[in-house]
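Visitor: This is the content of model-v8.tsv (TSV, C-alpha atoms):
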chain	number	residue	atom	x	y	z
A	1	MET	CA	0.00	0.00	0.00
A	2	THR	CA	1.46	3.36	-1.00
A	3	ILE	CA	1.85	6.15	1.54
A	4	GLU	CA	-0.60	8.28	-0.49
A	5	LEU	CA	-3.26	5.58	-0.24
A	6	LYS	CA	-2.65	5.14	3.48
A	7	ILE	CA	-2.98	8.87	4.14
A	8	GLY	CA	-6.06	8.93	1.91
A	9	LEU	CA	-7.68	6.14	3.94
A	10	ILE	CA	-6.88	7.91	7.23
A	11	LEU	CA	-8.40	11.14	5.90
A	12	ALA	CA	-11.46	9.21	4.68
A	13	LEU	CA	-11.87	7.77	8.16
A	14	LEU	CA	-11.70	11.26	9.68
A	15	VAL	CA	-14.24	12.61	7.18
A	16	LEU	CA	-16.56	9.65	7.80
A	17	ALA	CA	-16.43	10.11	11.59
A	18	THR	CA	-16.98	13.88	11.30
A	19	ALA	CA	-19.91	13.38	8.91
A	20	ALA	CA	-21.46	10.82	11.27
A	21	GLY	CA	-21.10	13.29	14.15
A	22	LEU	CA	-22.64	16.16	12.21
A	23	ILE	CA	-25.57	14.05	11.00
A	24	TRP	CA	-26.19	12.77	14.51
A	25	LYS	CA	-26.02	16.29	15.92
A	26	ALA	CA	-28.51	17.60	13.37
A	27	ARG	CA	-31.00	14.77	13.81
A	28	THR	CA	-30.91	14.00	17.52
A	29	GLY	CA	-33.41	15.55	19.89
A	30	LEU	CA	-36.01	16.39	17.24
A	31	ALA	CA	-39.67	15.52	17.66
A	32	LYS	CA	-41.36	12.97	15.42
A	33	GLN	CA	-45.12	13.32	15.25
A	34	ILE	CA	-47.13	10.22	16.11
A	35	ASP	CA	-50.58	9.94	14.55
A	36	SER	CA	-53.26	8.11	16.54
A	37	GLY	CA	-50.77	7.12	19.23
A	38	GLU	CA	-51.77	4.86	22.07
A	39	ILE	CA	-52.82	6.00	25.54
A	40	ILE	CA	-50.23	5.49	28.26
A	41	ASP	CA	-51.22	3.35	31.22
A	42	LEU	CA	-49.59	5.08	34.21
A	43	ALA	CA	-49.99	1.99	36.39
A	44	GLU	CA	-48.20	-0.17	33.83
A	45	ILE	CA	-45.17	2.08	33.55
A	46	ALA	CA	-45.15	2.45	37.36
A	47	ALA	CA	-44.07	6.07	37.17
A	48	VAL	CA	-42.95	7.57	40.47
A	49	LYS	CA	-42.46	11.25	41.14
A	50	ASP	CA	-41.10	12.66	44.40
A	51	GLY	CA	-41.60	9.23	45.97
A	52	GLN	CA	-45.31	9.08	45.03
A	53	PRO	CA	-46.88	7.04	42.20
A	54	VAL	CA	-48.03	9.25	39.32
A	55	THR	CA	-51.77	8.86	38.82
A	56	LYS	CA	-52.64	11.92	36.73
A	57	PHE	CA	-51.37	13.40	33.50
A	58	GLY	CA	-50.36	17.05	33.11
A	59	GLU	CA	-53.32	19.36	32.55
A	60	LYS	CA	-52.21	20.12	29.02
A	61	VAL	CA	-49.10	18.07	28.30
A	62	THR	CA	-46.95	15.39	29.89
A	63	PHE	CA	-43.34	14.71	28.97
A	64	LEU	CA	-42.66	11.04	29.68
A	65	GLN	CA	-38.89	10.62	29.68
A	66	PHE	CA	-37.39	7.15	29.50
A	67	SER	CA	-33.90	7.07	31.00
A	68	SER	CA	-31.38	4.43	31.96
A	69	GLN	CA	-28.51	4.18	34.40
A	70	VAL	CA	-25.94	4.33	31.63
A	71	CYS	CA	-27.14	7.51	30.00
A	72	SER	CA	-24.86	10.50	29.72
A	73	GLN	CA	-27.50	12.87	28.40
A	74	CYS	CA	-30.56	11.94	30.45
A	75	VAL	CA	-29.60	14.44	33.16
A	76	GLN	CA	-29.51	17.30	30.70
A	77	THR	CA	-32.94	16.43	29.25
A	78	ALA	CA	-34.38	15.96	32.74
A	79	ARG	CA	-33.10	19.43	33.72
A	80	LEU	CA	-34.73	21.08	30.67
A	81	LEU	CA	-38.06	19.32	31.26
A	82	HIS	CA	-37.95	20.10	34.96
A	83	GLU	CA	-37.54	23.80	34.12
A	84	LEU	CA	-40.59	23.67	31.81
A	85	GLU	CA	-42.61	21.98	34.53
A	86	ASN	CA	-41.64	24.71	36.99
A	87	ASN	CA	-42.43	27.50	34.55
A	88	TYR	CA	-45.81	26.21	33.33
A	89	ASP	CA	-48.57	24.89	35.60
A	90	ASP	CA	-50.12	22.58	33.02
A	91	VAL	CA	-46.90	20.74	32.16
A	92	LEU	CA	-45.87	17.51	33.88
A	93	HIS	CA	-42.48	15.82	33.60
A	94	VAL	CA	-42.28	12.13	34.44
A	95	GLU	CA	-38.99	10.23	34.29
A	96	VAL	CA	-38.95	6.43	34.18
A	97	ASP	CA	-35.74	4.40	34.51
A	98	ILE	CA	-36.02	1.49	32.08
A	99	THR	CA	-32.68	-0.13	32.99
A	100	ASN	CA	-34.57	-3.06	34.49
A	101	ARG	CA	-37.78	-2.65	32.47
A	102	ILE	CA	-37.01	-4.39	29.20
A	103	ASP	CA	-40.77	-4.93	28.82
A	104	LEU	CA	-41.23	-1.16	28.46
A	105	ALA	CA	-38.25	-0.84	26.12
A	106	ASN	CA	-39.79	-3.53	23.91
A	107	LYS	CA	-43.30	-2.14	24.10
A	108	PHE	CA	-42.28	1.38	23.09
A	109	ASN	CA	-39.46	0.20	20.83
A	110	ILE	CA	-36.85	2.22	22.70
A	111	LEU	CA	-33.39	1.93	21.18
A	112	GLN	CA	-31.71	4.86	22.87
A	113	THR	CA	-31.99	6.86	26.06
A	114	PRO	CA	-33.22	9.43	26.65
A	115	THR	CA	-36.36	8.87	24.60
A	116	THR	CA	-39.16	11.26	25.50
A	117	LEU	CA	-42.81	10.68	24.67
A	118	VAL	CA	-45.03	13.76	24.51
A	119	LEU	CA	-48.54	13.04	25.82
A	120	ASP	CA	-51.69	15.14	25.57
A	121	LYS	CA	-54.03	15.74	28.52
A	122	ASN	CA	-55.58	12.28	28.06
A	123	GLY	CA	-52.20	10.57	28.06
A	124	ARG	CA	-52.23	9.89	24.33
A	125	ILE	CA	-48.81	9.87	22.65
A	126	THR	CA	-48.59	12.77	20.18
A	127	SER	CA	-44.89	12.77	19.44
A	128	ARG	CA	-41.61	11.17	20.28
A	129	ILE	CA	-38.20	12.75	20.87
A	130	GLY	CA	-35.20	10.45	20.44
A	131	GLY	CA	-31.98	11.55	22.13
A	132	ALA	CA	-31.30	14.65	24.23
A	133	ALA	CA	-34.25	16.97	23.57
A	134	LYS	CA	-33.30	20.29	22.00
A	135	ALA	CA	-34.68	23.37	23.79
A	136	GLN	CA	-36.30	24.58	20.55
A	137	THR	CA	-37.98	21.20	20.03
A	138	LEU	CA	-39.56	21.48	23.48
A	139	GLN	CA	-40.72	25.06	22.85
A	140	ASP	CA	-42.35	23.91	19.59
A	141	GLU	CA	-44.07	21.06	21.42
A	142	LEU	CA	-45.45	23.49	24.03
A	143	GLY	CA	-46.63	25.70	21.16
A	144	SER	CA	-48.58	22.81	19.64
A	145	PHE	CA	-50.50	22.59	22.94
A	146	GLN	CA	-51.14	26.37	22.99
A	147	ILE	CA	-48.81	26.88	25.93
B	1	MET	CA	-20.58	-2.58	38.38
B	2	THR	CA	-23.83	-2.45	40.22
B	3	THR	CA	-27.51	-2.23	39.50
B	4	SER	CA	-28.31	-0.32	42.67
B	5	THR	CA	-30.44	2.75	42.13
B	6	GLN	CA	-28.27	4.77	44.47
B	7	LYS	CA	-26.40	7.34	42.44
B	8	PRO	CA	-22.61	7.41	42.71
B	9	ALA	CA	-20.83	10.76	43.06
B	10	GLY	CA	-20.78	12.75	39.81
B	11	ILE	CA	-17.70	13.35	37.69
B	12	ASP	CA	-16.67	16.22	35.41
B	13	PRO	CA	-18.03	15.22	31.96
B	14	ARG	CA	-14.98	16.77	30.30
B	15	GLY	CA	-12.75	14.12	31.93
B	16	PRO	CA	-13.93	11.17	29.79
B	17	ARG	CA	-13.91	13.40	26.69
B	18	PHE	CA	-10.30	14.37	27.39
B	19	GLY	CA	-9.42	10.67	27.61
B	20	ALA	CA	-11.39	9.91	24.44
B	21	ALA	CA	-9.37	12.56	22.57
B	22	ILE	CA	-6.07	10.87	23.49
B	23	THR	CA	-7.54	7.44	22.72
B	24	SER	CA	-8.80	8.54	19.30
B	25	VAL	CA	-5.35	9.86	18.32
B	26	LEU	CA	-3.73	6.58	19.41
B	27	LEU	CA	-6.36	4.56	17.53
B	28	LEU	CA	-5.82	6.60	14.37
B	29	ILE	CA	-2.07	5.87	14.60
B	30	THR	CA	-2.96	2.18	15.10
B	31	VAL	CA	-5.08	2.17	11.93
B	32	PHE	CA	-2.26	3.87	9.99
B	33	LEU	CA	0.28	1.28	11.19
B	34	ALA	CA	-2.09	-1.64	10.59
B	35	LEU	CA	-2.53	-0.69	6.92
B	36	ASP	CA	1.03	-1.92	6.28
B	37	THR	CA	1.85	-5.56	7.02
B	38	ALA	CA	5.44	-4.47	7.74
B	39	ASN	CA	4.11	-2.57	10.78
B	40	ALA	CA	1.70	-5.30	11.92
B	41	THR	CA	3.64	-5.89	15.13
B	42	SER	CA	3.76	-2.24	16.19
B	43	ALA	CA	0.04	-1.88	15.41
B	44	PHE	CA	-0.63	-4.94	17.55
B	45	VAL	CA	1.47	-3.62	20.44
B	46	LEU	CA	-0.18	-0.20	20.34
B	47	LEU	CA	-3.69	-1.71	20.21
B	48	SER	CA	-2.76	-4.01	23.13
B	49	PHE	CA	-1.79	-0.93	25.14
B	50	ILE	CA	-5.09	0.80	24.24
B	51	THR	CA	-7.07	-2.36	25.08
B	52	ALA	CA	-5.36	-2.64	28.46
B	53	LEU	CA	-6.30	0.98	29.23
B	54	PHE	CA	-9.91	0.28	28.19
B	55	ALA	CA	-9.87	-2.62	30.66
B	56	VAL	CA	-8.66	-0.31	33.44
B	57	GLY	CA	-11.47	2.14	32.61
B	58	ALA	CA	-14.11	-0.60	32.38
B	59	ILE	CA	-13.15	-2.15	35.72
B	60	PHE	CA	-12.14	0.84	37.84
B	61	GLY	CA	-13.97	3.73	36.14
B	62	ASN	CA	-12.71	6.86	34.45
B	63	SER	CA	-11.60	8.60	37.63
B	64	LYS	CA	-8.96	5.90	38.27
B	65	HIS	CA	-7.98	5.66	34.60
B	66	PRO	CA	-4.53	7.18	33.86
B	67	TYR	CA	-6.09	9.75	31.48
B	68	GLY	CA	-8.66	10.59	34.14
B	69	LEU	CA	-5.86	11.18	36.63
B	70	ILE	CA	-3.95	13.37	34.15
B	71	PHE	CA	-7.14	15.35	33.57
B	72	LYS	CA	-7.71	15.79	37.29
B	73	LYS	CA	-4.11	16.78	38.10
B	74	LEU	CA	-3.14	18.87	35.08
B	75	VAL	CA	-6.19	19.95	33.07
B	76	ARG	CA	-9.12	20.50	35.38
B	77	PRO	CA	-7.37	23.02	37.67
B	78	ASN	CA	-7.10	25.30	34.61
B	79	LEU	CA	-10.79	25.03	33.68
B	80	ALA	CA	-13.93	26.69	34.99
B	81	PRO	CA	-16.16	24.35	37.02
B	82	PRO	CA	-18.53	22.27	34.82
B	83	LYS	CA	-22.20	23.23	34.38
B	84	GLU	CA	-23.32	19.86	35.68
B	85	LEU	CA	-21.66	16.70	36.88
B	86	GLU	CA	-22.09	13.43	35.05
B	87	ASP	CA	-22.97	9.97	36.29
B	88	PRO	CA	-19.70	7.97	36.10
B	89	ARG	CA	-21.46	4.79	34.93
B	90	PRO	CA	-22.16	5.71	31.28
B	91	PRO	CA	-18.52	6.51	30.40
B	92	GLN	CA	-17.45	3.41	32.32
B	93	PHE	CA	-19.82	1.33	30.20
B	94	ALA	CA	-18.39	3.01	27.09
B	95	GLN	CA	-14.93	1.85	28.19
B	96	LEU	CA	-16.28	-1.70	28.27
B	97	ILE	CA	-17.59	-1.35	24.69
B	98	GLY	CA	-14.17	0.05	23.68
B	99	PHE	CA	-12.47	-2.90	25.36
B	100	ILE	CA	-14.66	-5.39	23.46
B	101	VAL	CA	-14.16	-3.73	20.05
B	102	ALA	CA	-10.38	-3.30	20.53
B	103	GLY	CA	-10.17	-6.86	21.88
B	104	ILE	CA	-11.87	-8.17	18.71
B	105	GLY	CA	-9.19	-6.28	16.76
B	106	LEU	CA	-6.45	-8.05	18.72
B	107	VAL	CA	-8.02	-11.47	18.12
B	108	LEU	CA	-8.27	-10.73	14.39
B	109	GLY	CA	-4.63	-9.58	14.54
B	110	VAL	CA	-3.52	-12.82	16.20
B	111	PHE	CA	-5.14	-14.82	13.41
B	112	ALA	CA	-3.66	-12.42	10.85
B	113	VAL	CA	-7.05	-11.73	9.27
B	114	PRO	CA	-6.26	-9.23	6.49
B	115	TYR	CA	-7.09	-5.69	7.70
B	116	GLY	CA	-9.11	-7.18	10.59
B	117	LEU	CA	-7.17	-5.21	13.17
B	118	ALA	CA	-7.35	-2.03	11.05
B	119	ILE	CA	-11.15	-2.33	10.70
B	120	ALA	CA	-11.75	-2.96	14.41
B	121	ALA	CA	-9.41	-0.08	15.32
B	122	SER	CA	-11.29	2.14	12.84
B	123	ALA	CA	-14.62	1.27	14.49
B	124	ALA	CA	-13.16	2.06	17.92
B	125	PHE	CA	-11.68	5.27	16.53
B	126	ILE	CA	-15.08	6.45	15.24
B	127	ALA	CA	-16.66	5.85	18.66
B	128	ALA	CA	-13.81	7.61	20.53
B	129	PHE	CA	-13.77	10.51	18.05
B	130	LEU	CA	-17.54	11.02	18.33
B	131	ASN	CA	-17.17	11.10	22.09
B	132	ALA	CA	-14.27	13.57	22.05
B	133	ALA	CA	-15.51	15.90	19.31
B	134	PHE	CA	-19.30	15.70	19.64
B	135	ALA	CA	-19.83	14.47	23.22
B	136	PHE	CA	-21.69	11.54	21.68
B	137	CYS	CA	-21.38	8.43	23.81
B	138	LEU	CA	-22.19	5.58	21.43
B	139	GLY	CA	-22.13	2.86	24.08
B	140	CYS	CA	-24.44	4.83	26.38
B	141	GLN	CA	-26.81	5.68	23.57
B	142	ILE	CA	-27.35	2.12	22.40
B	143	TYR	CA	-27.15	0.44	25.81
B	144	VAL	CA	-30.90	-0.12	25.93
B	145	GLY	CA	-30.93	-1.54	22.42
B	146	LEU	CA	-28.10	-3.95	23.27
B	147	GLN	CA	-29.89	-4.97	26.43
B	148	ARG	CA	-33.05	-5.71	24.45
B	149	LEU	CA	-31.04	-8.02	22.22
B	150	GLY	CA	-30.12	-9.87	25.40
B	151	LEU	CA	-26.44	-8.98	25.12
B	152	PHE	CA	-26.31	-7.49	28.60
B	153	ARG	CA	-28.42	-8.97	31.33
B	154	LYS	CA	-27.08	-6.67	33.99
B	155	PHE	CA	-24.55	-3.92	34.22
Could you express the structure from this file as structure tokens?
Guide:
Amino acid sequence: MTIELKIGLILALLVLATAAGLIWKARTGLAKQIDSGEIIDLAEIAAVKDGQPVTKFGEKVTFLQFSSQVCSQCVQTARLLHELENNYDDVLHVEVDITNRIDLANKFNILQTPTTLVLDKNGRITSRIGGAAKAQTLQDELGSFQI
Amino acid sequence: MTTSTQKPAGIDPRGPRFGAAITSVLLLITVFLALDTANATSAFVLLSFITALFAVGAIFGNSKHPYGLIFKKLVRPNLAPPKELEDPRPPQFAQLIGFIVAGIGLVLGVFAVPYGLAIAASAAFIAAFLNAAFAFCLGCQIYVGLQRLGLFRKF
């Protein structure tokens, strides 16, 4: 193998990795709309908030965040959603650790954490955010609920 | 490695990224060496060194990893405090993934599979580079997916 070819392959590897990073950065954390999504059963997902089981959805919107123990970006998403919840009365943030809930990962086809489901006041899934939610994505979601 | 829900003390997220930057440079050199059969031995030695460091990170965590110690002693004192601390378990899991991928490269190298070591080192390089340059932790991101495939019962 000539030195030119070797350097070319190394450069190609660098370009490939950079392109993968840029594509991931552009696509992660965006909302995908879900038409006629199912209604979440709060008892089934066993959501707990401040030590109490969650029995009611947010008055306008609920952000159901699936996290895991090995998740570097779940904290960041949880912080953003917690801020929204504090700023708006009709917003609820629920975080569920699915590390030991493979049943939930299978049911909702979760391949990465965080994955956040956006629920309307009846608990119906209206969209899905894969990866660390972008602040603008969340603002747009609030807008779609007239918040 | 534990499945307890109790959270361990947080670490500076820039620590693992600092380590990933060094690792990605070393992996790129490995790939370059592995492209020439004349350098097969040096590529193998370098990848063995990287694999051993991945093992240290996977077993003892990033804070006890040599790069983590360099970061703590030499780099962090010169930086502003981080916005938020990170759970040490995700980067530790990523070290395990790195160990497995680099280890596959060594096995392929032992059996002299043509470009096997170079391809495995390239895969590890992409993961380390994404972590260093984009703060993207591939292992963490796909952990749930791997678990669903039954590859990891517990971590």
Visitor: For chain B, which residue out of A:Gln136, A:Thr55, A:Thr99, A:Asn122 is the nearest one, using all atoms listed in the file?
Guide: A:Thr99
Visitor: Determine which residues of chain B sit within 9 Å of chain A, taking into account all atoms listed in the file, and present them as JSON, numbers by chain.
Guide: {"B": [3, 5, 7, 13, 28, 31, 32, 35, 36, 84, 86, 87, 88, 89, 90, 91, 92, 93, 94, 122, 125, 126, 127, 129, 130, 133, 134, 136, 137, 139, 140, 141, 142, 143, 144, 145, 146, 147, 148, 154, 155]}
Visitor: How about saving the chosen residues, C-alpha atoms kept, as a JSON list (two decimals), in the frame of the given file?
Guide:
[["chain", "number", "residue", "atom", "x", "y", "z"],
["B", 3, "THR", "CA", -27.51, -2.23, 39.50],
["B", 5, "THR", "CA", -30.44, 2.75, 42.13],
["B", 7, "LYS", "CA", -26.40, 7.34, 42.44],
["B", 13, "PRO", "CA", -18.03, 15.22, 31.96],
["B", 28, "LEU", "CA", -5.82, 6.60, 14.37],
["B", 31, "VAL", "CA", -5.08, 2.17, 11.93],
["B", 32, "PHE", "CA", -2.26, 3.87, 9.99],
["B", 35, "LEU", "CA", -2.53, -0.69, 6.92],
["B", 36, "ASP", "CA", 1.03, -1.92, 6.28],
["B", 84, "GLU", "CA", -23.32, 19.86, 35.68],
["B", 86, "GLU", "CA", -22.09, 13.43, 35.05],
["B", 87, "ASP", "CA", -22.97, 9.97, 36.29],
["B", 88, "PRO", "CA", -19.70, 7.97, 36.10],
["B", 89, "ARG", "CA", -21.46, 4.79, 34.93],
["B", 90, "PRO", "CA", -22.16, 5.71, 31.28],
["B", 91, "PRO", "CA", -18.52, 6.51, 30.40],
["B", 92, "GLN", "CA", -17.45, 3.41, 32.32],
["B", 93, "PHE", "CA", -19.82, 1.33, 30.20],
["B", 94, "ALA", "CA", -18.39, 3.01, 27.09],
["B", 122, "SER", "CA", -11.29, 2.14, 12.84],
["B", 125, "PHE", "CA", -11.68, 5.27, 16.53],
["B", 126, "ILE", "CA", -15.08, 6.45, 15.24],
["B", 127, "ALA", "CA", -16.66, 5.85, 18.66],
["B", 129, "PHE", "CA", -13.77, 10.51, 18.05],
["B", 130, "LEU", "CA", -17.54, 11.02, 18.33],
["B", 133, "ALA", "CA", -15.51, 15.90, 19.31],
["B", 134, "PHE", "CA", -19.30, 15.70, 19.64],
["B", 136, "PHE", "CA", -21.69, 11.54, 21.68],
["B", 137, "CYS", "CA", -21.38, 8.43, 23.81],
["B", 139, "GLY", "CA", -22.13, 2.86, 24.08],
["B", 140, "CYS", "CA", -24.44, 4.83, 26.38],
["B", 141, "GLN", "CA", -26.81, 5.68, 23.57],
["B", 142, "ILE", "CA", -27.35, 2.12, 22.40],
["B", 143, "TYR", "CA", -27.15, 0.44, 25.81],
["B", 144, "VAL", "CA", -30.90, -0.12, 25.93],
["B", 145, "GLY", "CA", -30.93, -1.54, 22.42],
["B", 146, "LEU", "CA", -28.10, -3.95, 23.27],
["B", 147, "GLN", "CA", -29.89, -4.97, 26.43],
["B", 148, "ARG", "CA", -33.05, -5.71, 24.45],
["B", 154, "LYS", "CA", -27.08, -6.67, 33.99],
["B", 155, "PHE", "CA", -24.55, -3.92, 34.22]]
Visitor: Take every atom of region 115-134 of chain A listed in the file, pad by 5 Å on each side, and give me the axis-aligned box centre and edge lengths in Å, one decimal, as AutoDock Vina command-line options.
Guide:
--center_x -43.4 --center_y 14.6 --center_z 24.0 --size_x 34.3 --size_y 21.4 --size_z 19.1
Visitor: With distances taken over only C-alpha atoms, which of A:Gln52, A:Ser36, A:Thr28, A:Gln65 is nearest to Thr137 (chain A)?
Guide: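 Checking each of A:Gln52, A:Ser36, A:Thr28, A:Gln65 against Thr137 (chain A), counting only C-alpha atoms, the winner is A:Thr28.
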Visitor: Identify the residues around (-48.7, 10.0, 20.0) within a radius of 9 Å, measuring from all atoms listed in the file in the coordinates stated by the file, and give them as a short mmCIF file (atom, residue, chain, number, x, y, z; two decimals) with C-alpha atoms, in the coordinates of the input.
Guide:
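Final file, part_17.cif:
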data_model
loop_
_atom_site.label_atom_id
_atom_site.label_comp_id
_atom_site.auth_asym_id
_atom_site.auth_seq_id
_atom_site.Cartn_x
_atom_site.Cartn_y
_atom_site.Cartn_z
CA GLN A 33 -45.12 13.32 15.25
CA ILE A 34 -47.13 10.22 16.11
CA ASP A 35 -50.58 9.94 14.55
CA SER A 36 -53.26 8.11 16.54
CA GLY A 37 -50.77 7.12 19.23
CA GLU A 38 -51.77 4.86 22.07
CA ILE A 39 -52.82 6.00 25.54
CA LEU A 117 -42.81 10.68 24.67
CA VAL A 118 -45.03 13.76 24.51
CA LEU A 119 -48.54 13.04 25.82
CA ASP A 120 -51.69 15.14 25.57
CA GLY A 123 -52.20 10.57 28.06
CA ARG A 124 -52.23 9.89 24.33
CA ILE A 125 -48.81 9.87 22.65
CA THR A 126 -48.59 12.77 20.18
CA SER A 127 -44.89 12.77 19.44
CA ARG A 128 -41.61 11.17 20.28
#
Visitor: With only C-alpha atoms as the basis for distance, which of A:Leu104, A:Leu142, A:Ala133, A:Glu83 is at the shortest distance from Leu42 (chain A)?
Guide: A:Leu104
